[in-house]
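Novice: Provided herewith is a single structure, encoded as structure tokens, for subsequent inquiry.
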Amino acid sequence: MRSSPAEAAVLTQSDLRARFDERIGRAVRLLPPGGGDPGFGAVAVVRDAAPETFIRSAVAFARRAAAGTAGPLWYGNFTRTVFLAGDPRNLAVRHPPDVVAPDGAIAWYGPGRLAGHATLRRMLRPFAGTTPVTGAGALRVPLGGGGTRTAYVHVATAGLTLRDYLVHVNHLLAEAVLDGLLADVAALVVRHAPRLPAPPGRHDAVRVAPDPSAPGLLRAHACLTVAS
Amino acid sequence: MSAHPPSPIRRVALVGIDGSGKSTLARLLAGGPSGEQAGEGRAVLSCLRAHENPDGPLHRLSRHLDLLSREADRLGGPDLKLAVLYLQMCTYAVTERFFTGELGARVVISERHPVIDGLAYLPLYRRAIAGVAGPDRPEQVRKQLAGLDQEAVAAALAWCETLGRRLGRVPDLATVAGELVALLDLPPGDRATALAARLGTPLPDIAVFLDIDVAEALRRVRARDGAPELHERHGSLARIREGYEAALAALGPVRVHRIAAGGASPAELRAELDALIPG
């Protein structure tokens, strides 16, 4: 789906390209000398992808990565995360996760060498999630961690499948954590709507990615603004 | 129990002299006007011009480097040209990492390849650079840079700083060409590895060499570009073809597949490649 004229007036392709290239530049600069390992990433095993659970555990996982040494290399690999469909309860013994969602519906592994999770990836299918994201509305997601501020996340749901929702929101949140944007944030207010609000320049982070339905064009899928 | 074993990334490079049909074939593989779309998980990438990869990164940098490359041609500076070419080739590692890591491509087909083309072209550049070499040459190159589009030069210098993190040393645009041609002093079997390390990109699994007679390639180039300098271009193409032969012979574990590109139609070439390329 191409950007509507109204949306294009707010988020021009030039704006999106600038955001996109800034992000790539940050990622490349974070790679260690030698270029790092291109097979580096995270794995998430998903039983149920309710947005609140997903968002809360995605931030917890990214905060854990940021506190360790793996964060820059994960960022340098564009916070690559492989989403698999499975039940974390069946994996807890043989594949103990690094982070589990509060309701146990999502297990997170890594970030690290994806080859280290080859067994998981052989056992489980990629998370398909082809259903559209609808009706998520607005959510308040407490993050813990002792912060005092609130950040606002908007997700554009028009044409978005559940799988793409996980991918885009995870990239946005993981990179916001690794950029330090959520260091003092205690809660996210997440709004789901067909389009992102204007103006884009006020957002602290925007998730920009190639538009799968319009080769050569970029699209803003989500944005994040930290309250001042 | 096994559902979907994770598939490894397969890298295929289309190489050959100008006029051999690389671009036409790449367009067909990517889904040109009359071609089918590229398969799921397959990316067809330009090696030198990141801005020609519609969904890829580094477009602005690539456009700046493209401008500097044309300016180097205009100035007749082979060392500046090679320095810019090096920066262009270094964008490929980022592009490939993005397509495989973020967009999930499992088969990457590149039109040209930084290591193979680098090795193929370095002998030509060594001869040309020897013709302008001298103790004051780095200063001359710096003066050339000072006269070029400063926004483009700033982008190139910023890219050098970024590359410096990986390399441990920031490339100097005035001297990097000399360092690159010095790779030819290494034993042939070591050159590909050394250049791959400088470029930060792995070797392909398969190198597809579109082999074509130089005269036929030149006829195609003239029909396309109206190239006026017949003898010069013929000599250059012949030397580059020799460079490819030497480069392909020194690639070690890379599988080299030759295709006689002179008489085959683009559709026939595509069919041969589709049978060769996984996915």
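Going by the structure tokens order, chains are called A, B, ..., each with residues numbered from 1, while ligands are numbered from 1 in the order shown.
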Taking only residues of chain A that have an atom at most 8 Å from an atom of chain B, what is each one's shortest atom pair and its distance in Å to one decimal, using only C-alpha atoms, in chain and number order, as CSV?
Specialist:
residue,atom,partner,partner_atom,distance
A:Phe20,CA,B:Pro57,CA,7.2
A:Asp21,CA,B:Leu58,CA,5.8
A:Ile24,CA,B:Pro57,CA,6.8
A:Val28,CA,B:Thr162,CA,7.3
A:Arg29,CA,B:Thr162,CA,5.8
A:Leu31,CA,B:Arg166,CA,7.2
A:Pro32,CA,B:Arg166,CA,6.2
A:Pro33,CA,B:Arg166,CA,3.8
A:Gly34,CA,B:Arg166,CA,4.8
A:Gly35,CA,B:Arg166,CA,5.3
A:Pro38,CA,B:Arg97,CA,6.7
A:Gly39,CA,B:Gly101,CA,8.0
A:Asn77,CA,B:Gly101,CA,6.5
A:Phe78,CA,B:Glu102,CA,6.5
A:Arg80,CA,B:Gly101,CA,5.9
A:Ala118,CA,B:Pro6,CA,7.1
A:Arg121,CA,B:Pro6,CA,6.1
A:Arg122,CA,B:Pro5,CA,4.3
A:Met123,CA,B:Ser2,CA,5.1
A:Leu124,CA,B:Ala3,CA,6.0
A:Arg125,CA,B:Ala3,CA,5.8
A:Pro126,CA,B:His4,CA,7.8
A:Pro210,CA,B:Asp55,CA,5.3
A:Pro215,CA,B:Pro54,CA,6.4
A:Gly216,CA,B:Pro54,CA,4.1
A:Leu217,CA,B:Asp55,CA,7.2
A:Leu218,CA,B:Asp55,CA,7.5
Novice: Using DSSP on the backbone, list every residue of region 28-215 of chain A that comes out as alpha helix (DSSP H), and give them as a compact mmCIF listing (two decimals) with N, CA and C atoms, in the first residue's frame.
Specialist:
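The file below, out_34.txt, is the result:
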# COMPACT_ATOMS: atom_id res chain seq x y z
N VAL A 28 26.15 0.78 11.93
CA VAL A 28 27.47 0.45 11.38
C VAL A 28 28.56 0.97 12.31
N ARG A 29 28.34 2.15 12.88
CA ARG A 29 29.37 2.70 13.77
C ARG A 29 29.52 1.88 15.05
N LEU A 30 28.49 1.14 15.41
CA LEU A 30 28.56 0.35 16.64
C LEU A 30 29.24 -1.00 16.45
N PRO A 51 -0.12 -7.54 22.61
CA PRO A 51 0.81 -6.40 22.53
C PRO A 51 1.43 -6.01 23.87
N GLU A 52 0.65 -5.94 24.94
CA GLU A 52 1.22 -5.48 26.21
C GLU A 52 2.33 -6.42 26.68
N THR A 53 2.05 -7.70 26.64
CA THR A 53 3.06 -8.68 27.05
C THR A 53 4.29 -8.59 26.17
N PHE A 54 4.03 -8.52 24.88
CA PHE A 54 5.15 -8.46 23.94
C PHE A 54 6.01 -7.23 24.18
N ILE A 55 5.38 -6.08 24.30
CA ILE A 55 6.13 -4.83 24.44
C ILE A 55 6.93 -4.82 25.74
N ARG A 56 6.28 -5.25 26.79
CA ARG A 56 6.98 -5.23 28.09
C ARG A 56 8.21 -6.14 28.07
N SER A 57 8.04 -7.33 27.51
CA SER A 57 9.17 -8.25 27.52
C SER A 57 10.23 -7.84 26.50
N ALA A 58 9.83 -7.20 25.40
CA ALA A 58 10.81 -6.73 24.42
C ALA A 58 11.73 -5.68 25.05
N VAL A 59 11.13 -4.78 25.82
CA VAL A 59 11.94 -3.75 26.48
C VAL A 59 12.84 -4.38 27.54
N ALA A 60 12.30 -5.33 28.30
CA ALA A 60 13.12 -5.98 29.34
C ALA A 60 14.30 -6.70 28.70
N PHE A 61 14.04 -7.36 27.59
CA PHE A 61 15.12 -8.08 26.90
C PHE A 61 16.18 -7.11 26.39
N ALA A 62 15.74 -6.01 25.78
CA ALA A 62 16.70 -5.04 25.25
C ALA A 62 17.49 -4.38 26.38
N ARG A 63 16.83 -4.11 27.51
CA ARG A 63 17.55 -3.52 28.64
C ARG A 63 18.63 -4.47 29.15
N ARG A 64 18.31 -5.74 29.16
CA ARG A 64 19.31 -6.72 29.59
C ARG A 64 20.49 -6.73 28.60
N ALA A 65 20.18 -6.67 27.32
CA ALA A 65 21.25 -6.65 26.32
C ALA A 65 22.09 -5.38 26.46
N ALA A 66 21.42 -4.27 26.71
CA ALA A 66 22.15 -2.99 26.83
C ALA A 66 23.08 -2.99 28.04
N ALA A 67 22.69 -3.72 29.08
CA ALA A 67 23.52 -3.74 30.28
C ALA A 67 24.75 -4.63 30.11
N ALA A 70 26.71 -7.43 24.72
CA ALA A 70 26.17 -7.84 23.43
C ALA A 70 25.39 -6.74 22.72
N GLY A 71 25.01 -5.70 23.47
CA GLY A 71 24.16 -4.68 22.89
C GLY A 71 24.69 -4.04 21.62
N PRO A 72 25.93 -3.54 21.64
CA PRO A 72 26.43 -2.88 20.42
C PRO A 72 26.48 -3.82 19.21
N LEU A 73 26.87 -5.06 19.44
CA LEU A 73 26.96 -5.98 18.31
C LEU A 73 25.56 -6.32 17.78
N TRP A 74 24.61 -6.42 18.68
CA TRP A 74 23.22 -6.66 18.26
C TRP A 74 22.73 -5.47 17.43
N TYR A 75 23.01 -4.29 17.93
CA TYR A 75 22.61 -3.07 17.20
C TYR A 75 23.31 -3.04 15.83
N GLY A 76 24.60 -3.39 15.85
CA GLY A 76 25.35 -3.40 14.59
C GLY A 76 24.78 -4.38 13.58
N ALA A 118 20.62 -23.03 16.97
CA ALA A 118 20.23 -23.79 15.77
C ALA A 118 19.21 -24.87 16.10
N THR A 119 19.33 -25.48 17.29
CA THR A 119 18.38 -26.54 17.65
C THR A 119 16.97 -25.98 17.76
N LEU A 120 16.86 -24.85 18.44
CA LEU A 120 15.55 -24.21 18.55
C LEU A 120 14.98 -23.90 17.17
N ARG A 121 15.83 -23.39 16.30
CA ARG A 121 15.37 -22.98 14.98
C ARG A 121 15.01 -24.18 14.11
N ARG A 122 15.64 -25.32 14.41
CA ARG A 122 15.25 -26.53 13.68
C ARG A 122 13.93 -27.08 14.20
N MET A 123 13.73 -26.96 15.51
CA MET A 123 12.53 -27.55 16.13
C MET A 123 11.27 -26.76 15.80
N LEU A 162 0.45 -9.42 12.09
CA LEU A 162 0.98 -9.60 13.44
C LEU A 162 2.48 -9.83 13.42
N ARG A 163 2.95 -10.60 12.46
CA ARG A 163 4.39 -10.85 12.39
C ARG A 163 5.16 -9.54 12.15
N ASP A 164 4.67 -8.74 11.23
CA ASP A 164 5.35 -7.48 10.96
C ASP A 164 5.25 -6.54 12.16
N TYR A 165 4.15 -6.63 12.88
CA TYR A 165 4.00 -5.84 14.11
C TYR A 165 5.14 -6.18 15.07
N LEU A 166 5.36 -7.47 15.29
CA LEU A 166 6.43 -7.88 16.21
C LEU A 166 7.78 -7.35 15.71
N VAL A 167 8.02 -7.52 14.43
CA VAL A 167 9.32 -7.10 13.86
C VAL A 167 9.53 -5.60 14.05
N HIS A 168 8.57 -4.81 13.63
CA HIS A 168 8.77 -3.36 13.63
C HIS A 168 8.79 -2.79 15.05
N VAL A 169 7.88 -3.24 15.88
CA VAL A 169 7.85 -2.70 17.25
C VAL A 169 9.10 -3.14 18.01
N ASN A 170 9.53 -4.37 17.77
CA ASN A 170 10.74 -4.83 18.46
C ASN A 170 11.96 -4.02 18.04
N HIS A 171 12.12 -3.76 16.74
CA HIS A 171 13.24 -2.94 16.29
C HIS A 171 13.17 -1.55 16.93
N LEU A 172 11.99 -0.96 16.93
CA LEU A 172 11.84 0.39 17.48
C LEU A 172 12.24 0.42 18.95
N LEU A 173 11.71 -0.52 19.72
CA LEU A 173 11.95 -0.50 21.16
C LEU A 173 13.38 -0.91 21.49
N ALA A 174 13.88 -1.94 20.83
CA ALA A 174 15.24 -2.40 21.12
C ALA A 174 16.24 -1.28 20.84
N GLU A 175 16.08 -0.62 19.70
CA GLU A 175 17.04 0.42 19.35
C GLU A 175 16.86 1.66 20.22
N ALA A 176 15.62 1.91 20.64
CA ALA A 176 15.41 3.03 21.58
C ALA A 176 16.12 2.76 22.90
N VAL A 177 16.04 1.52 23.36
CA VAL A 177 16.75 1.16 24.59
C VAL A 177 18.26 1.31 24.39
N LEU A 178 18.76 0.76 23.30
CA LEU A 178 20.21 0.79 23.06
C LEU A 178 20.71 2.21 22.79
Novice: For a test of reading the model, state the distance in Å between CA of Val221 (chain B) and CA of Asp18 (chain B), rounded to one decimal.
Specialist: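 Calculated distance between CA of Val221 (chain B) and CA of Asp18 (chain B) is 6.9 Å.
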Novice: When you look at Asp211 (chain B) with a cut-off of 6 Å (counting only C-alpha atoms), what residues show up, excluding the ones that are within fewer than 5 positions of it in the same chain? I need them as a PyMOL selection string.
Specialist: chain B and resi 259-261
Novice: Choose the residue, out of A:Val45, A:Ala214, A:Val208, A:Val226, that has the smallest atom-to-atom separation from Ser14 (chain A); count only C-alpha atoms.
Specialist: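 Between A:Val45, A:Ala214, A:Val208, A:Val226, the residue approaching Ser14 (chain A) most closely is A:Val208.
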Novice: DSSP on the backbone: which residues in region 49-116 of chain B end up as strand (DSSP E or B)? Give the answer as a PyMOL selection string.
Specialist: chain B and resi 107-111
Novice: Report as a list in words all protein, DNA and RNA residues lying within 12 Å of Leu91 (chain A), evaluated on only C-alpha atoms, omitting residues in the same chain fewer than 4 positions from it.
Specialist: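 That gives Ala44, Val45, Val46, Arg47, Ala85, Gly86, Asp87, His95, Pro96, Pro97, Asp98, Val100, Gly104, Ala105, Ile106, Ala107, Trp108, Tyr109, Thr119, Leu120, Met123 and Leu124 of chain A.
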Novice: How would the residues just picked look written out with N, CA and C atoms as a PDB file, in the first residue's frame?
Specialist:
ATOM      1  N   ALA A  44      13.203 -15.075  19.650  1.00  0.00           N
ATOM      2  CA  ALA A  44      12.023 -14.983  20.511  1.00  0.00           C
ATOM      3  C   ALA A  44      11.081 -16.121  20.140  1.00  0.00           C
ATOM      4  N   VAL A  45      10.689 -16.881  21.149  1.00  0.00           N
ATOM      5  CA  VAL A  45       9.723 -17.961  20.942  1.00  0.00           C
ATOM      6  C   VAL A  45       8.374 -17.458  21.450  1.00  0.00           C
ATOM      7  N   VAL A  46       7.410 -17.465  20.557  1.00  0.00           N
ATOM      8  CA  VAL A  46       6.139 -16.783  20.828  1.00  0.00           C
ATOM      9  C   VAL A  46       4.992 -17.793  20.856  1.00  0.00           C
ATOM     10  N   ARG A  47       4.304 -17.852  22.015  1.00  0.00           N
ATOM     11  CA  ARG A  47       3.065 -18.640  22.083  1.00  0.00           C
ATOM     12  C   ARG A  47       1.872 -17.749  21.784  1.00  0.00           C
ATOM     13  N   ALA A  85       7.498 -19.715  16.383  1.00  0.00           N
ATOM     14  CA  ALA A  85       6.227 -20.063  17.024  1.00  0.00           C
ATOM     15  C   ALA A  85       6.437 -21.276  17.927  1.00  0.00           C
ATOM     16  N   GLY A  86       6.100 -21.127  19.192  1.00  0.00           N
ATOM     17  CA  GLY A  86       6.278 -22.242  20.115  1.00  0.00           C
ATOM     18  C   GLY A  86       5.770 -21.883  21.488  1.00  0.00           C
ATOM     19  N   ASP A  87       5.782 -22.866  22.364  1.00  0.00           N
ATOM     20  CA  ASP A  87       5.306 -22.644  23.726  1.00  0.00           C
ATOM     21  C   ASP A  87       6.502 -22.638  24.675  1.00  0.00           C
ATOM     22  N   HIS A  95      15.894 -25.583  27.043  1.00  0.00           N
ATOM     23  CA  HIS A  95      16.334 -24.315  26.441  1.00  0.00           C
ATOM     24  C   HIS A  95      15.932 -23.166  27.365  1.00  0.00           C
ATOM     25  N   PRO A  96      16.580 -23.041  28.501  1.00  0.00           N
ATOM     26  CA  PRO A  96      16.185 -21.971  29.429  1.00  0.00           C
ATOM     27  C   PRO A  96      16.391 -20.594  28.798  1.00  0.00           C
ATOM     28  N   PRO A  97      15.358 -19.787  28.809  1.00  0.00           N
ATOM     29  CA  PRO A  97      15.462 -18.477  28.144  1.00  0.00           C
ATOM     30  C   PRO A  97      16.212 -17.464  29.005  1.00  0.00           C
ATOM     31  N   ASP A  98      16.604 -16.384  28.369  1.00  0.00           N
ATOM     32  CA  ASP A  98      17.264 -15.293  29.098  1.00  0.00           C
ATOM     33  C   ASP A  98      16.249 -14.336  29.691  1.00  0.00           C
ATOM     34  N   VAL A 100      11.793 -13.961  30.080  1.00  0.00           N
ATOM     35  CA  VAL A 100      10.458 -14.508  29.802  1.00  0.00           C
ATOM     36  C   VAL A 100       9.437 -13.410  30.048  1.00  0.00           C
ATOM     37  N   GLY A 104       4.513 -15.574  30.632  1.00  0.00           N
ATOM     38  CA  GLY A 104       5.133 -16.794  30.128  1.00  0.00           C
ATOM     39  C   GLY A 104       4.871 -17.074  28.661  1.00  0.00           C
ATOM     40  N   ALA A 105       4.304 -16.125  27.951  1.00  0.00           N
ATOM     41  CA  ALA A 105       3.905 -16.400  26.568  1.00  0.00           C
ATOM     42  C   ALA A 105       5.041 -16.179  25.561  1.00  0.00           C
ATOM     43  N   ILE A 106       6.079 -15.483  25.964  1.00  0.00           N
ATOM     44  CA  ILE A 106       7.196 -15.215  25.042  1.00  0.00           C
ATOM     45  C   ILE A 106       8.508 -15.468  25.784  1.00  0.00           C
ATOM     46  N   ALA A 107       9.383 -16.220  25.160  1.00  0.00           N
ATOM     47  CA  ALA A 107      10.711 -16.473  25.717  1.00  0.00           C
ATOM     48  C   ALA A 107      11.746 -15.840  24.794  1.00  0.00           C
ATOM     49  N   TRP A 108      12.706 -15.143  25.395  1.00  0.00           N
ATOM     50  CA  TRP A 108      13.722 -14.434  24.620  1.00  0.00           C
ATOM     51  C   TRP A 108      15.089 -15.062  24.891  1.00  0.00           C
ATOM     52  N   TYR A 109      15.867 -15.179  23.820  1.00  0.00           N
ATOM     53  CA  TYR A 109      17.203 -15.783  23.909  1.00  0.00           C
ATOM     54  C   TYR A 109      18.228 -14.847  23.271  1.00  0.00           C
ATOM     55  N   THR A 119      19.333 -25.482  17.290  1.00  0.00           N
ATOM     56  CA  THR A 119      18.385 -26.543  17.653  1.00  0.00           C
ATOM     57  C   THR A 119      16.970 -25.981  17.758  1.00  0.00           C
ATOM     58  N   LEU A 120      16.859 -24.853  18.442  1.00  0.00           N
ATOM     59  CA  LEU A 120      15.549 -24.207  18.548  1.00  0.00           C
ATOM     60  C   LEU A 120      14.984 -23.896  17.168  1.00  0.00           C
ATOM     61  N   MET A 123      13.734 -26.959  15.515  1.00  0.00           N
ATOM     62  CA  MET A 123      12.530 -27.548  16.127  1.00  0.00           C
ATOM     63  C   MET A 123      11.272 -26.758  15.799  1.00  0.00           C
ATOM     64  N   LEU A 124      11.417 -25.442  15.771  1.00  0.00           N
ATOM     65  CA  LEU A 124      10.223 -24.595  15.721  1.00  0.00           C
ATOM     66  C   LEU A 124      10.094 -23.900  14.373  1.00  0.00           C
TER      67      LEU A 124
END
Novice: At a cut-off of 12 Å, using only C-alpha atoms, what residues contact region 274-276 of chain B? Leave out same-chain residues fewer than 6 positions from it and give the result as a list of chain:residue names.
Specialist: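 Listed by chain and then number, they are B:Arg10, B:Arg11, B:Val12, B:Ala13, B:Leu25, B:Ala26, B:Leu28, B:Leu29, B:Ala30, B:Glu36, B:Ala38, B:Gly39, B:Arg42, B:Val107, B:Ile109, B:Asp205, B:Ile206, B:Ala207, B:Val208, B:Arg255, B:Val256, B:His257, B:Arg258, B:Ile259, B:Ala267, B:Glu268.
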Novice: What gap, in Å, lies between CA of Leu210 (chain B) and CA of Gly16 (chain B)?
Specialist: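 Those two atoms sit 5.1 Å apart.
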Novice: What's the 9 Å shell around region 118-124 of chain B, counting only C-alpha atoms, without same-chain residues fewer than 2 positions away, as a PyMOL selection string?
Specialist: chain B and resi 82+85-86+89+113-116+126-129+180-181+183-184+191-192+195+236+239-248
Novice: Restricting it to N, CA, C and O atoms, dump the selection as a CSV table (one decimal), in the first residue's frame.
Specialist:
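The result, written out as part02.csv:
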chain,number,residue,atom,x,y,z
B,82,LEU,N,40.2,5.2,-7.8
B,82,LEU,CA,40.3,4.0,-7.1
B,82,LEU,C,39.9,4.2,-5.6
B,82,LEU,O,39.3,3.3,-5.0
B,85,LEU,N,36.3,4.3,-5.6
B,85,LEU,CA,35.8,3.0,-5.9
B,85,LEU,C,35.8,2.1,-4.6
B,85,LEU,O,34.9,1.3,-4.3
B,86,TYR,N,36.9,2.3,-3.9
B,86,TYR,CA,37.1,1.5,-2.6
B,86,TYR,C,36.0,1.8,-1.7
B,86,TYR,O,35.3,0.9,-1.1
B,89,MET,N,32.9,0.2,-2.8
B,89,MET,CA,32.9,-1.2,-2.6
B,89,MET,C,32.6,-1.6,-1.1
B,89,MET,O,32.0,-2.6,-0.8
B,113,HIS,N,31.1,-8.1,-7.8
B,113,HIS,CA,31.4,-8.4,-6.4
B,113,HIS,C,32.7,-7.6,-6.0
B,113,HIS,O,33.6,-7.6,-6.7
B,114,PRO,N,32.7,-7.0,-4.8
B,114,PRO,CA,33.8,-6.1,-4.5
B,114,PRO,C,35.1,-6.8,-4.5
B,114,PRO,O,36.1,-6.2,-4.9
B,115,VAL,N,35.2,-8.0,-4.0
B,115,VAL,CA,36.5,-8.7,-4.0
B,115,VAL,C,36.9,-9.1,-5.4
B,115,VAL,O,38.1,-8.8,-5.8
B,116,ILE,N,36.0,-9.7,-6.1
B,116,ILE,CA,36.4,-10.2,-7.5
B,116,ILE,C,36.7,-9.1,-8.4
B,116,ILE,O,37.7,-9.0,-9.1
B,126,ARG,N,46.9,-0.2,-11.2
B,126,ARG,CA,48.3,-0.1,-10.8
B,126,ARG,C,49.1,0.6,-11.9
B,126,ARG,O,50.0,1.5,-11.7
B,127,ARG,N,48.8,0.2,-13.2
B,127,ARG,CA,49.5,0.8,-14.3
B,127,ARG,C,49.2,2.3,-14.4
B,127,ARG,O,50.1,3.1,-14.6
B,128,ALA,N,47.9,2.6,-14.2
B,128,ALA,CA,47.5,4.0,-14.4
B,128,ALA,C,48.1,4.9,-13.2
B,128,ALA,O,48.6,6.0,-13.5
B,129,ILE,N,48.1,4.3,-12.0
B,129,ILE,CA,48.6,5.1,-10.9
B,129,ILE,C,50.1,5.3,-11.0
B,129,ILE,O,50.6,6.3,-10.6
B,180,LEU,N,46.0,-0.2,-1.8
B,180,LEU,CA,45.2,-1.2,-2.5
B,180,LEU,C,46.0,-1.9,-3.6
B,180,LEU,O,46.0,-3.1,-3.7
B,181,VAL,N,46.7,-1.1,-4.4
B,181,VAL,CA,47.4,-1.8,-5.5
B,181,VAL,C,48.6,-2.6,-5.0
B,181,VAL,O,49.1,-3.5,-5.6
B,183,LEU,N,48.4,-4.6,-2.7
B,183,LEU,CA,47.9,-6.0,-2.5
B,183,LEU,C,48.3,-7.0,-3.6
B,183,LEU,O,48.4,-8.2,-3.4
B,184,LEU,N,48.6,-6.4,-4.8
B,184,LEU,CA,49.0,-7.2,-5.9
B,184,LEU,C,50.4,-7.8,-5.7
B,184,LEU,O,50.9,-8.7,-6.4
B,191,ARG,N,45.6,-12.8,-2.0
B,191,ARG,CA,45.1,-11.5,-2.4
B,191,ARG,C,43.6,-11.4,-2.0
B,191,ARG,O,43.1,-10.3,-1.5
B,192,ALA,N,42.8,-12.4,-2.4
B,192,ALA,CA,41.4,-12.3,-2.2
B,192,ALA,C,41.1,-12.2,-0.7
B,192,ALA,O,40.2,-11.4,-0.3
B,195,LEU,N,42.0,-8.6,0.5
B,195,LEU,CA,41.0,-7.6,0.0
B,195,LEU,C,39.7,-7.8,0.7
B,195,LEU,O,39.0,-6.8,1.0
B,236,SER,N,41.5,-1.8,-22.8
B,236,SER,CA,41.1,-1.9,-21.4
B,236,SER,C,40.3,-3.1,-21.1
B,236,SER,O,40.5,-3.8,-20.2
B,239,ARG,N,42.3,-6.2,-21.0
B,239,ARG,CA,43.1,-6.3,-19.8
B,239,ARG,C,42.2,-6.6,-18.6
B,239,ARG,O,42.6,-7.4,-17.7
B,240,ILE,N,41.0,-6.1,-18.6
B,240,ILE,CA,40.1,-6.4,-17.5
B,240,ILE,C,39.7,-7.8,-17.6
B,240,ILE,O,39.6,-8.5,-16.5
B,241,ARG,N,39.5,-8.3,-18.8
B,241,ARG,CA,39.1,-9.7,-18.9
B,241,ARG,C,40.2,-10.6,-18.4
B,241,ARG,O,40.0,-11.6,-17.7
B,242,GLU,N,41.5,-10.2,-18.7
B,242,GLU,CA,42.6,-11.0,-18.1
B,242,GLU,C,42.6,-10.9,-16.6
B,242,GLU,O,42.9,-11.8,-15.9
B,243,GLY,N,42.2,-9.7,-16.1
B,243,GLY,CA,42.2,-9.5,-14.7
B,243,GLY,C,41.2,-10.4,-14.0
B,243,GLY,O,41.4,-11.0,-12.9
B,244,TYR,N,40.0,-10.6,-14.7
B,244,TYR,CA,39.0,-11.5,-14.2
B,244,TYR,C,39.5,-12.9,-14.1
B,244,TYR,O,39.3,-13.7,-13.2
B,245,GLU,N,40.2,-13.3,-15.2
B,245,GLU,CA,40.7,-14.7,-15.3
B,245,GLU,C,41.6,-14.9,-14.1
B,245,GLU,O,41.5,-16.0,-13.4
B,246,ALA,N,42.5,-14.0,-13.9
B,246,ALA,CA,43.5,-14.2,-12.8
B,246,ALA,C,42.7,-14.1,-11.4
B,246,ALA,O,43.1,-14.9,-10.5
B,247,ALA,N,41.8,-13.3,-11.3
B,247,ALA,CA,41.1,-13.2,-10.0
B,247,ALA,C,40.3,-14.5,-9.7
B,247,ALA,O,40.3,-15.0,-8.6
B,248,LEU,N,39.6,-15.0,-10.7
B,248,LEU,CA,38.8,-16.2,-10.5
B,248,LEU,C,39.7,-17.4,-10.2
B,248,LEU,O,39.3,-18.3,-9.5
Novice: Would you pick out the contacts of Leu224 (chain A) at 8 Å or less, using only C-alpha atoms, so that residues sharing its chain but fewer than 2 positions from it are not included, and give the list as a list in words?
Specialist: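 My list of contacting residues is Ala151, Tyr152, Val153, His154, Leu172, His203, Asp204, Ala205, Val206, Ala222 and Val226 of chain A.
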